[in-house]
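Undergrad: File entry-v5.pdb below, PDB, N, CA and C atoms, pLDDT in the B column:
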MODEL        1
ATOM      1  N   MET A   1     -63.202 -12.563 -20.132  1.00 60.00           N
ATOM      2  CA  MET A   1     -63.145 -11.628 -21.234  1.00 60.00           C
ATOM      3  C   MET A   1     -62.356 -10.390 -20.835  1.00 60.00           C
ATOM      4  N   LYS A   2     -62.591  -9.924 -19.616  1.00 64.00           N
ATOM      5  CA  LYS A   2     -61.891  -8.752 -19.132  1.00 64.00           C
ATOM      6  C   LYS A   2     -60.382  -9.012 -19.056  1.00 64.00           C
ATOM      7  N   ASN A   3     -59.991 -10.231 -18.673  1.00 65.00           N
ATOM      8  CA  ASN A   3     -58.575 -10.593 -18.585  1.00 65.00           C
ATOM      9  C   ASN A   3     -57.910 -10.564 -19.962  1.00 65.00           C
ATOM     10  N   ILE A   4     -58.635 -10.966 -20.993  1.00 62.00           N
ATOM     11  CA  ILE A   4     -58.091 -10.956 -22.352  1.00 62.00           C
ATOM     12  C   ILE A   4     -57.846  -9.521 -22.812  1.00 62.00           C
ATOM     13  N   ILE A   5     -58.760  -8.642 -22.514  1.00 65.00           N
ATOM     14  CA  ILE A   5     -58.614  -7.230 -22.894  1.00 65.00           C
ATOM     15  C   ILE A   5     -57.423  -6.616 -22.162  1.00 65.00           C
ATOM     16  N   ILE A   6     -57.286  -6.914 -20.879  1.00 65.00           N
ATOM     17  CA  ILE A   6     -56.165  -6.378 -20.102  1.00 65.00           C
ATOM     18  C   ILE A   6     -54.845  -6.929 -20.634  1.00 65.00           C
ATOM     19  N   ALA A   7     -54.803  -8.221 -20.921  1.00 57.00           N
ATOM     20  CA  ALA A   7     -53.584  -8.830 -21.455  1.00 57.00           C
ATOM     21  C   ALA A   7     -53.214  -8.224 -22.802  1.00 57.00           C
ATOM     22  N   ALA A   8     -54.185  -8.016 -23.658  1.00 59.00           N
ATOM     23  CA  ALA A   8     -53.921  -7.414 -24.964  1.00 59.00           C
ATOM     24  C   ALA A   8     -53.410  -5.986 -24.806  1.00 59.00           C
ATOM     25  N   ALA A   9     -53.967  -5.237 -23.876  1.00 59.00           N
ATOM     26  CA  ALA A   9     -53.517  -3.863 -23.636  1.00 59.00           C
ATOM     27  C   ALA A   9     -52.089  -3.839 -23.112  1.00 59.00           C
ATOM     28  N   LEU A  10     -51.743  -4.776 -22.235  1.00 56.00           N
ATOM     29  CA  LEU A  10     -50.383  -4.843 -21.713  1.00 56.00           C
ATOM     30  C   LEU A  10     -49.375  -5.212 -22.800  1.00 56.00           C
ATOM     31  N   ILE A  11     -49.745  -6.143 -23.659  1.00 60.00           N
ATOM     32  CA  ILE A  11     -48.860  -6.531 -24.766  1.00 60.00           C
ATOM     33  C   ILE A  11     -48.662  -5.362 -25.715  1.00 60.00           C
ATOM     34  N   PHE A  12     -49.735  -4.657 -26.033  1.00 57.00           N
ATOM     35  CA  PHE A  12     -49.644  -3.499 -26.913  1.00 57.00           C
ATOM     36  C   PHE A  12     -48.755  -2.418 -26.299  1.00 57.00           C
ATOM     37  N   ALA A  13     -48.943  -2.148 -25.030  1.00 52.00           N
ATOM     38  CA  ALA A  13     -48.148  -1.124 -24.346  1.00 52.00           C
ATOM     39  C   ALA A  13     -46.680  -1.527 -24.300  1.00 52.00           C
ATOM     40  N   GLY A  14     -46.404  -2.773 -24.059  1.00 51.00           N
ATOM     41  CA  GLY A  14     -45.020  -3.257 -24.002  1.00 51.00           C
ATOM     42  C   GLY A  14     -44.306  -3.149 -25.330  1.00 51.00           C
ATOM     43  N   THR A  15     -44.995  -3.421 -26.409  1.00 50.00           N
ATOM     44  CA  THR A  15     -44.359  -3.338 -27.722  1.00 50.00           C
ATOM     45  C   THR A  15     -44.299  -1.908 -28.238  1.00 50.00           C
ATOM     46  N   SER A  16     -45.099  -1.033 -27.709  1.00 50.00           N
ATOM     47  CA  SER A  16     -45.100   0.364 -28.146  1.00 50.00           C
ATOM     48  C   SER A  16     -43.858   1.107 -27.683  1.00 50.00           C
ATOM     49  N   PHE A  17     -43.266   0.677 -26.588  1.00 52.00           N
ATOM     50  CA  PHE A  17     -42.126   1.383 -26.030  1.00 52.00           C
ATOM     51  C   PHE A  17     -40.786   0.825 -26.474  1.00 52.00           C
ATOM     52  N   THR A  18     -40.773  -0.241 -27.219  1.00 55.00           N
ATOM     53  CA  THR A  18     -39.510  -0.776 -27.711  1.00 55.00           C
ATOM     54  C   THR A  18     -39.121  -0.064 -28.994  1.00 55.00           C
ATOM     55  N   SER A  19     -37.820   0.115 -29.189  1.00 64.00           N
ATOM     56  CA  SER A  19     -37.331   0.785 -30.388  1.00 64.00           C
ATOM     57  C   SER A  19     -37.370  -0.164 -31.566  1.00 64.00           C
ATOM     58  N   CYS A  20     -37.724   0.378 -32.704  1.00 84.00           N
ATOM     59  CA  CYS A  20     -37.821  -0.420 -33.903  1.00 84.00           C
ATOM     60  C   CYS A  20     -36.495  -0.392 -34.648  1.00 84.00           C
ATOM     61  N   LYS A  21     -35.921  -1.559 -34.865  1.00 88.00           N
ATOM     62  CA  LYS A  21     -34.696  -1.644 -35.637  1.00 88.00           C
ATOM     63  C   LYS A  21     -35.061  -1.905 -37.089  1.00 88.00           C
ATOM     64  N   LYS A  22     -34.398  -1.204 -37.975  1.00 94.00           N
ATOM     65  CA  LYS A  22     -34.574  -1.455 -39.390  1.00 94.00           C
ATOM     66  C   LYS A  22     -33.279  -1.094 -40.093  1.00 94.00           C
ATOM     67  N   ASP A  23     -33.206  -1.338 -41.385  1.00 96.00           N
ATOM     68  CA  ASP A  23     -31.989  -1.073 -42.129  1.00 96.00           C
ATOM     69  C   ASP A  23     -31.886   0.401 -42.504  1.00 96.00           C
ATOM     70  N   TYR A  24     -30.743   1.002 -42.191  1.00 97.00           N
ATOM     71  CA  TYR A  24     -30.432   2.368 -42.577  1.00 97.00           C
ATOM     72  C   TYR A  24     -29.157   2.351 -43.401  1.00 97.00           C
ATOM     73  N   THR A  25     -29.151   3.096 -44.493  1.00 98.00           N
ATOM     74  CA  THR A  25     -28.003   3.155 -45.384  1.00 98.00           C
ATOM     75  C   THR A  25     -27.193   4.403 -45.086  1.00 98.00           C
ATOM     76  N   CYS A  26     -25.907   4.198 -44.885  1.00 98.00           N
ATOM     77  CA  CYS A  26     -24.960   5.276 -44.630  1.00 98.00           C
ATOM     78  C   CYS A  26     -24.089   5.416 -45.872  1.00 98.00           C
ATOM     79  N   LYS A  27     -24.157   6.566 -46.530  1.00 98.00           N
ATOM     80  CA  LYS A  27     -23.355   6.806 -47.733  1.00 98.00           C
ATOM     81  C   LYS A  27     -22.259   7.808 -47.408  1.00 98.00           C
ATOM     82  N   CYS A  28     -21.059   7.477 -47.846  1.00 98.00           N
ATOM     83  CA  CYS A  28     -19.902   8.332 -47.588  1.00 98.00           C
ATOM     84  C   CYS A  28     -19.313   8.818 -48.902  1.00 98.00           C
ATOM     85  N   SER A  29     -18.815  10.041 -48.866  1.00 98.00           N
ATOM     86  CA  SER A  29     -18.115  10.598 -50.027  1.00 98.00           C
ATOM     87  C   SER A  29     -16.752  11.088 -49.558  1.00 98.00           C
ATOM     88  N   LYS A  30     -15.797  11.051 -50.474  1.00 97.00           N
ATOM     89  CA  LYS A  30     -14.430  11.459 -50.170  1.00 97.00           C
ATOM     90  C   LYS A  30     -14.111  12.684 -51.013  1.00 97.00           C
ATOM     91  N   THR A  31     -13.705  13.757 -50.366  1.00 97.00           N
ATOM     92  CA  THR A  31     -13.397  15.008 -51.057  1.00 97.00           C
ATOM     93  C   THR A  31     -11.921  15.329 -50.892  1.00 97.00           C
ATOM     94  N   TYR A  32     -11.240  15.427 -52.030  1.00 96.00           N
ATOM     95  CA  TYR A  32      -9.845  15.843 -52.033  1.00 96.00           C
ATOM     96  C   TYR A  32      -9.785  17.345 -52.239  1.00 96.00           C
ATOM     97  N   THR A  33      -8.922  18.003 -51.484  1.00 92.00           N
ATOM     98  CA  THR A  33      -8.744  19.438 -51.670  1.00 92.00           C
ATOM     99  C   THR A  33      -7.286  19.724 -51.999  1.00 92.00           C
ATOM    100  N   SER A  34      -7.090  20.678 -52.888  1.00 85.00           N
ATOM    101  CA  SER A  34      -5.740  21.106 -53.257  1.00 85.00           C
ATOM    102  C   SER A  34      -5.781  22.597 -53.541  1.00 85.00           C
ATOM    103  N   GLY A  35      -4.651  23.140 -53.909  1.00 81.00           N
ATOM    104  CA  GLY A  35      -4.600  24.560 -54.209  1.00 81.00           C
ATOM    105  C   GLY A  35      -5.427  24.949 -55.417  1.00 81.00           C
ATOM    106  N   THR A  36      -5.751  23.971 -56.277  1.00 84.00           N
ATOM    107  CA  THR A  36      -6.508  24.262 -57.501  1.00 84.00           C
ATOM    108  C   THR A  36      -8.006  24.004 -57.355  1.00 84.00           C
ATOM    109  N   GLY A  37      -8.433  23.535 -56.205  1.00 87.00           N
ATOM    110  CA  GLY A  37      -9.861  23.267 -56.015  1.00 87.00           C
ATOM    111  C   GLY A  37     -10.091  21.978 -55.254  1.00 87.00           C
ATOM    112  N   SER A  38     -11.238  21.383 -55.500  1.00 91.00           N
ATOM    113  CA  SER A  38     -11.577  20.135 -54.817  1.00 91.00           C
ATOM    114  C   SER A  38     -12.336  19.214 -55.760  1.00 91.00           C
ATOM    115  N   SER A  39     -12.277  17.932 -55.446  1.00 94.00           N
ATOM    116  CA  SER A  39     -13.052  16.944 -56.204  1.00 94.00           C
ATOM    117  C   SER A  39     -13.651  15.950 -55.221  1.00 94.00           C
ATOM    118  N   THR A  40     -14.903  15.596 -55.468  1.00 95.00           N
ATOM    119  CA  THR A  40     -15.637  14.693 -54.582  1.00 95.00           C
ATOM    120  C   THR A  40     -16.031  13.448 -55.349  1.00 95.00           C
ATOM    121  N   GLN A  41     -15.910  12.307 -54.693  1.00 95.00           N
ATOM    122  CA  GLN A  41     -16.308  11.038 -55.302  1.00 95.00           C
ATOM    123  C   GLN A  41     -17.000  10.177 -54.254  1.00 95.00           C
ATOM    124  N   ASP A  42     -17.847   9.260 -54.717  1.00 96.00           N
ATOM    125  CA  ASP A  42     -18.464   8.297 -53.809  1.00 96.00           C
ATOM    126  C   ASP A  42     -17.362   7.458 -53.199  1.00 96.00           C
ATOM    127  N   TYR A  43     -17.492   7.172 -51.919  1.00 95.00           N
ATOM    128  CA  TYR A  43     -16.419   6.447 -51.240  1.00 95.00           C
ATOM    129  C   TYR A  43     -16.867   5.076 -50.740  1.00 95.00           C
ATOM    130  N   SER A  44     -17.925   5.024 -49.944  1.00 96.00           N
ATOM    131  CA  SER A  44     -18.385   3.743 -49.418  1.00 96.00           C
ATOM    132  C   SER A  44     -19.847   3.833 -48.995  1.00 96.00           C
ATOM    133  N   VAL A  45     -20.456   2.662 -48.848  1.00 97.00           N
ATOM    134  CA  VAL A  45     -21.847   2.560 -48.401  1.00 97.00           C
ATOM    135  C   VAL A  45     -21.902   1.484 -47.324  1.00 97.00           C
ATOM    136  N   TYR A  46     -22.532   1.804 -46.223  1.00 96.00           N
ATOM    137  CA  TYR A  46     -22.704   0.859 -45.127  1.00 96.00           C
ATOM    138  C   TYR A  46     -24.193   0.706 -44.844  1.00 96.00           C
ATOM    139  N   THR A  47     -24.579  -0.465 -44.392  1.00 97.00           N
ATOM    140  CA  THR A  47     -25.960  -0.694 -43.974  1.00 97.00           C
ATOM    141  C   THR A  47     -25.938  -1.103 -42.510  1.00 97.00           C
ATOM    142  N   TYR A  48     -26.722  -0.397 -41.712  1.00 96.00           N
ATOM    143  CA  TYR A  48     -26.814  -0.681 -40.291  1.00 96.00           C
ATOM    144  C   TYR A  48     -28.239  -1.084 -39.957  1.00 96.00           C
ATOM    145  N   ARG A  49     -28.376  -2.202 -39.259  1.00 96.00           N
ATOM    146  CA  ARG A  49     -29.691  -2.616 -38.760  1.00 96.00           C
ATOM    147  C   ARG A  49     -29.746  -2.192 -37.302  1.00 96.00           C
ATOM    148  N   GLU A  50     -30.245  -0.994 -37.104  1.00 95.00           N
ATOM    149  CA  GLU A  50     -30.244  -0.349 -35.799  1.00 95.00           C
ATOM    150  C   GLU A  50     -31.470   0.545 -35.671  1.00 95.00           C
ATOM    151  N   THR A  51     -31.566   1.201 -34.543  1.00 96.00           N
ATOM    152  CA  THR A  51     -32.526   2.293 -34.411  1.00 96.00           C
ATOM    153  C   THR A  51     -31.963   3.471 -35.199  1.00 96.00           C
ATOM    154  N   ARG A  52     -32.786   4.438 -35.513  1.00 95.00           N
ATOM    155  CA  ARG A  52     -32.331   5.591 -36.309  1.00 95.00           C
ATOM    156  C   ARG A  52     -31.179   6.338 -35.612  1.00 95.00           C
ATOM    157  N   ASP A  53     -31.319   6.590 -34.319  1.00 95.00           N
ATOM    158  CA  ASP A  53     -30.287   7.315 -33.586  1.00 95.00           C
ATOM    159  C   ASP A  53     -28.962   6.564 -33.583  1.00 95.00           C
ATOM    160  N   ARG A  54     -29.019   5.274 -33.332  1.00 96.00           N
ATOM    161  CA  ARG A  54     -27.779   4.466 -33.288  1.00 96.00           C
ATOM    162  C   ARG A  54     -27.149   4.388 -34.668  1.00 96.00           C
ATOM    163  N   ALA A  55     -27.951   4.240 -35.715  1.00 97.00           N
ATOM    164  CA  ALA A  55     -27.420   4.183 -37.083  1.00 97.00           C
ATOM    165  C   ALA A  55     -26.742   5.506 -37.447  1.00 97.00           C
ATOM    166  N   GLU A  56     -27.338   6.630 -37.057  1.00 97.00           N
ATOM    167  CA  GLU A  56     -26.729   7.932 -37.333  1.00 97.00           C
ATOM    168  C   GLU A  56     -25.408   8.076 -36.594  1.00 97.00           C
ATOM    169  N   THR A  57     -25.357   7.621 -35.356  1.00 97.00           N
ATOM    170  CA  THR A  57     -24.119   7.690 -34.584  1.00 97.00           C
ATOM    171  C   THR A  57     -23.033   6.857 -35.240  1.00 97.00           C
ATOM    172  N   ARG A  58     -23.360   5.626 -35.620  1.00 97.00           N
ATOM    173  CA  ARG A  58     -22.375   4.756 -36.262  1.00 97.00           C
ATOM    174  C   ARG A  58     -21.926   5.323 -37.602  1.00 97.00           C
ATOM    175  N   CYS A  59     -22.853   5.903 -38.341  1.00 97.00           N
ATOM    176  CA  CYS A  59     -22.522   6.498 -39.630  1.00 97.00           C
ATOM    177  C   CYS A  59     -21.561   7.673 -39.442  1.00 97.00           C
ATOM    178  N   ASN A  60     -21.865   8.535 -38.490  1.00 97.00           N
ATOM    179  CA  ASN A  60     -21.029   9.705 -38.237  1.00 97.00           C
ATOM    180  C   ASN A  60     -19.628   9.337 -37.765  1.00 97.00           C
ATOM    181  N   GLU A  61     -19.473   8.152 -37.176  1.00 97.00           N
ATOM    182  CA  GLU A  61     -18.154   7.699 -36.736  1.00 97.00           C
ATOM    183  C   GLU A  61     -17.210   7.452 -37.915  1.00 97.00           C
ATOM    184  N   ASN A  62     -17.755   7.307 -39.124  1.00 96.00           N
ATOM    185  CA  ASN A  62     -16.924   7.097 -40.319  1.00 96.00           C
ATOM    186  C   ASN A  62     -16.384   8.403 -40.898  1.00 96.00           C
ATOM    187  N   THR A  63     -16.869   9.537 -40.411  1.00 96.00           N
ATOM    188  CA  THR A  63     -16.413  10.839 -40.894  1.00 96.00           C
ATOM    189  C   THR A  63     -15.004  11.093 -40.373  1.00 96.00           C
ATOM    190  N   THR A  64     -14.089  11.469 -41.290  1.00 97.00           N
ATOM    191  CA  THR A  64     -12.698  11.673 -40.899  1.00 97.00           C
ATOM    192  C   THR A  64     -11.987  12.576 -41.905  1.00 97.00           C
ATOM    193  N   THR A  65     -10.780  12.941 -41.583  1.00 97.00           N
ATOM    194  CA  THR A  65      -9.910  13.664 -42.503  1.00 97.00           C
ATOM    195  C   THR A  65      -8.549  12.987 -42.505  1.00 97.00           C
ATOM    196  N   GLY A  66      -7.777  13.251 -43.542  1.00 96.00           N
ATOM    197  CA  GLY A  66      -6.462  12.641 -43.606  1.00 96.00           C
ATOM    198  C   GLY A  66      -5.695  13.060 -44.841  1.00 96.00           C
ATOM    199  N   TYR A  67      -4.645  12.302 -45.118  1.00 94.00           N
ATOM    200  CA  TYR A  67      -3.774  12.575 -46.249  1.00 94.00           C
ATOM    201  C   TYR A  67      -3.343  11.240 -46.849  1.00 94.00           C
ATOM    202  N   ASP A  68      -3.367  11.130 -48.169  1.00 91.00           N
ATOM    203  CA  ASP A  68      -2.834   9.956 -48.858  1.00 91.00           C
ATOM    204  C   ASP A  68      -2.183  10.414 -50.152  1.00 91.00           C
ATOM    205  N   LEU A  69      -1.907   9.495 -51.062  1.00 89.00           N
ATOM    206  CA  LEU A  69      -1.214   9.845 -52.309  1.00 89.00           C
ATOM    207  C   LEU A  69      -1.983  10.873 -53.133  1.00 89.00           C
ATOM    208  N   GLY A  70      -3.285  10.947 -52.955  1.00 85.00           N
ATOM    209  CA  GLY A  70      -4.107  11.914 -53.676  1.00 85.00           C
ATOM    210  C   GLY A  70      -4.088  13.302 -53.053  1.00 85.00           C
ATOM    211  N   GLY A  71      -3.560  13.426 -51.838  1.00 90.00           N
ATOM    212  CA  GLY A  71      -3.490  14.699 -51.139  1.00 90.00           C
ATOM    213  C   GLY A  71      -4.359  14.708 -49.896  1.00 90.00           C
ATOM    214  N   ASP A  72      -4.675  15.890 -49.422  1.00 95.00           N
ATOM    215  CA  ASP A  72      -5.560  16.047 -48.255  1.00 95.00           C
ATOM    216  C   ASP A  72      -6.987  15.652 -48.636  1.00 95.00           C
ATOM    217  N   TYR A  73      -7.646  14.952 -47.722  1.00 96.00           N
ATOM    218  CA  TYR A  73      -9.024  14.556 -48.005  1.00 96.00           C
ATOM    219  C   TYR A  73      -9.877  14.650 -46.757  1.00 96.00           C
ATOM    220  N   SER A  74     -11.174  14.673 -46.974  1.00 97.00           N
ATOM    221  CA  SER A  74     -12.151  14.535 -45.896  1.00 97.00           C
ATOM    222  C   SER A  74     -13.198  13.527 -46.347  1.00 97.00           C
ATOM    223  N   ILE A  75     -13.609  12.678 -45.438  1.00 97.00           N
ATOM    224  CA  ILE A  75     -14.673  11.709 -45.716  1.00 97.00           C
ATOM    225  C   ILE A  75     -15.889  12.134 -44.901  1.00 97.00           C
ATOM    226  N   ASN A  76     -16.977  12.377 -45.594  1.00 98.00           N
ATOM    227  CA  ASN A  76     -18.227  12.796 -44.968  1.00 98.00           C
ATOM    228  C   ASN A  76     -19.280  11.734 -45.196  1.00 98.00           C
ATOM    229  N   CYS A  77     -19.983  11.360 -44.141  1.00 97.00           N
ATOM    230  CA  CYS A  77     -20.983  10.302 -44.223  1.00 97.00           C
ATOM    231  C   CYS A  77     -22.308  10.794 -43.650  1.00 97.00           C
ATOM    232  N   GLN A  78     -23.394  10.290 -44.248  1.00 97.00           N
ATOM    233  CA  GLN A  78     -24.713  10.611 -43.711  1.00 97.00           C
ATOM    234  C   GLN A  78     -25.718   9.524 -44.070  1.00 97.00           C
ATOM    235  N   ILE A  79     -26.734   9.407 -43.216  1.00 96.00           N
ATOM    236  CA  ILE A  79     -27.801   8.443 -43.411  1.00 96.00           C
ATOM    237  C   ILE A  79     -28.669   8.917 -44.578  1.00 96.00           C
ATOM    238  N   GLN A  80     -28.998   8.000 -45.458  1.00 92.00           N
ATOM    239  CA  GLN A  80     -29.848   8.323 -46.619  1.00 92.00           C
ATOM    240  C   GLN A  80     -31.264   7.887 -46.353  1.00 92.00           C
TER     241      GLN A  80
ENDMDL
END
Step by step, read the file and then write its structure as structure tokens.
TA:
Amino acid sequence: MKNIIIAAALIFAGTSFTSCKKDYTCKCSKTYTSGTGSSTQDYSVYTYRETRDRAETRCNENTTTGYDLGGDYSINCQIQ
């Protein structure tokens, strides 16, 4: 009986220290800026099955700036 209790405690302790992966949604918006102001629109949505920290890191990697036919833009992403 004592061995069963010890085994159960070890299993519980082992699973308590592992990181829980679940789905995190990363939503990005694209903001164009010009001399007359700015406009923001939804740009993309990503789903990451990761730990919270890893999902935030991957989401933040999508943040960028650039230029296209619409003008200067910035893409901002964050976990929802």
Undergrad: Could you list, as a short mmCIF file (atom, residue, chain, number, x, y, z; two decimals) with N, CA and C atoms, in the frame of the given file, every residue matched by the PyMOL selection byres ((chain A and resi 70-79) around 5) in this structure?
TA:
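File produced: result29.cif:
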data_model
loop_
_atom_site.label_atom_id
_atom_site.label_comp_id
_atom_site.auth_asym_id
_atom_site.auth_seq_id
_atom_site.Cartn_x
_atom_site.Cartn_y
_atom_site.Cartn_z
N THR A 25 -29.15 3.10 -44.49
CA THR A 25 -28.00 3.16 -45.38
C THR A 25 -27.19 4.40 -45.09
N CYS A 26 -25.91 4.20 -44.88
CA CYS A 26 -24.96 5.28 -44.63
C CYS A 26 -24.09 5.42 -45.87
N LYS A 27 -24.16 6.57 -46.53
CA LYS A 27 -23.36 6.81 -47.73
C LYS A 27 -22.26 7.81 -47.41
N CYS A 28 -21.06 7.48 -47.85
CA CYS A 28 -19.90 8.33 -47.59
C CYS A 28 -19.31 8.82 -48.90
N SER A 29 -18.82 10.04 -48.87
CA SER A 29 -18.11 10.60 -50.03
C SER A 29 -16.75 11.09 -49.56
N LYS A 30 -15.80 11.05 -50.47
CA LYS A 30 -14.43 11.46 -50.17
C LYS A 30 -14.11 12.68 -51.01
N THR A 31 -13.70 13.76 -50.37
CA THR A 31 -13.40 15.01 -51.06
C THR A 31 -11.92 15.33 -50.89
N TYR A 32 -11.24 15.43 -52.03
CA TYR A 32 -9.85 15.84 -52.03
C TYR A 32 -9.78 17.34 -52.24
N THR A 33 -8.92 18.00 -51.48
CA THR A 33 -8.74 19.44 -51.67
C THR A 33 -7.29 19.72 -52.00
N THR A 63 -16.87 9.54 -40.41
CA THR A 63 -16.41 10.84 -40.89
C THR A 63 -15.00 11.09 -40.37
N THR A 64 -14.09 11.47 -41.29
CA THR A 64 -12.70 11.67 -40.90
C THR A 64 -11.99 12.58 -41.90
N THR A 65 -10.78 12.94 -41.58
CA THR A 65 -9.91 13.66 -42.50
C THR A 65 -8.55 12.99 -42.50
N GLY A 66 -7.78 13.25 -43.54
CA GLY A 66 -6.46 12.64 -43.61
C GLY A 66 -5.70 13.06 -44.84
N TYR A 67 -4.64 12.30 -45.12
CA TYR A 67 -3.77 12.58 -46.25
C TYR A 67 -3.34 11.24 -46.85
N ASP A 68 -3.37 11.13 -48.17
CA ASP A 68 -2.83 9.96 -48.86
C ASP A 68 -2.18 10.41 -50.15
N LEU A 69 -1.91 9.49 -51.06
CA LEU A 69 -1.21 9.85 -52.31
C LEU A 69 -1.98 10.87 -53.13
N GLN A 80 -29.00 8.00 -45.46
CA GLN A 80 -29.85 8.32 -46.62
C GLN A 80 -31.26 7.89 -46.35
#
Undergrad: So how far away is CA of Asn62 (chain A) from CA of Glu50 (chain A), in Å?
TA: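 CA of Glu50 (chain A) sits 15.9 Å away from CA of Asn62 (chain A).
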Undergrad: If you measure from CA of Lys21 (chain A) to CA of Asp53 (chain A), what distance in Å do you get, rounded to one decimal?
TA: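 About the pair CA of Lys21 (chain A) and CA of Asp53 (chain A): they are 10.2 Å apart.
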Undergrad: Quote the spacing between atom C of Tyr48 (chain A) and CA of Lys22 (chain A) in Å to one decimal place.
TA: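 For atom C of Tyr48 (chain A) relative to CA of Lys22 (chain A), the distance reads 6.4 Å.
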Undergrad: Using the block above, I'd like region 56-73 of chain A written out, keeping N, CA and C atoms and formatting it as a compact mmCIF listing (two decimals), in the first residue's frame.
TA:
# COMPACT_ATOMS: atom_id res chain seq x y z
N GLU A 56 3.52 33.24 -27.36
CA GLU A 56 3.71 34.69 -27.40
C GLU A 56 4.95 35.04 -28.21
N THR A 57 6.01 34.28 -28.05
CA THR A 57 7.24 34.53 -28.81
C THR A 57 6.98 34.35 -30.30
N ARG A 58 6.32 33.26 -30.68
CA ARG A 58 6.04 33.02 -32.09
C ARG A 58 5.11 34.08 -32.66
N CYS A 59 4.14 34.51 -31.86
CA CYS A 59 3.21 35.54 -32.30
C CYS A 59 3.95 36.86 -32.54
N ASN A 60 4.81 37.23 -31.61
CA ASN A 60 5.55 38.48 -31.72
C ASN A 60 6.51 38.49 -32.91
N GLU A 61 6.93 37.31 -33.36
CA GLU A 61 7.81 37.22 -34.52
C GLU A 61 7.12 37.68 -35.81
N ASN A 62 5.78 37.73 -35.80
CA ASN A 62 5.03 38.19 -36.98
C ASN A 62 4.93 39.71 -37.06
N THR A 63 5.33 40.41 -36.00
CA THR A 63 5.28 41.87 -35.98
C THR A 63 6.37 42.42 -36.88
N THR A 64 5.99 43.34 -37.79
CA THR A 64 6.95 43.88 -38.74
C THR A 64 6.48 45.23 -39.28
N THR A 65 7.33 45.87 -40.03
CA THR A 65 6.98 47.08 -40.75
C THR A 65 7.45 46.95 -42.19
N GLY A 66 6.88 47.76 -43.06
CA GLY A 66 7.29 47.68 -44.45
C GLY A 66 6.56 48.69 -45.31
N TYR A 67 6.64 48.46 -46.61
CA TYR A 67 6.04 49.34 -47.60
C TYR A 67 5.48 48.48 -48.73
N ASP A 68 4.28 48.78 -49.18
CA ASP A 68 3.71 48.13 -50.36
C ASP A 68 2.89 49.15 -51.13
N LEU A 69 2.06 48.70 -52.06
CA LEU A 69 1.28 49.63 -52.89
C LEU A 69 0.37 50.53 -52.07
N GLY A 70 -0.01 50.10 -50.88
CA GLY A 70 -0.85 50.90 -50.00
C GLY A 70 -0.09 51.95 -49.22
N GLY A 71 1.24 51.87 -49.22
CA GLY A 71 2.08 52.82 -48.50
C GLY A 71 2.83 52.15 -47.36
N ASP A 72 3.30 52.95 -46.43
CA ASP A 72 4.00 52.43 -45.24
C ASP A 72 3.00 51.71 -44.33
N TYR A 73 3.44 50.59 -43.79
CA TYR A 73 2.55 49.85 -42.89
C TYR A 73 3.32 49.27 -41.73
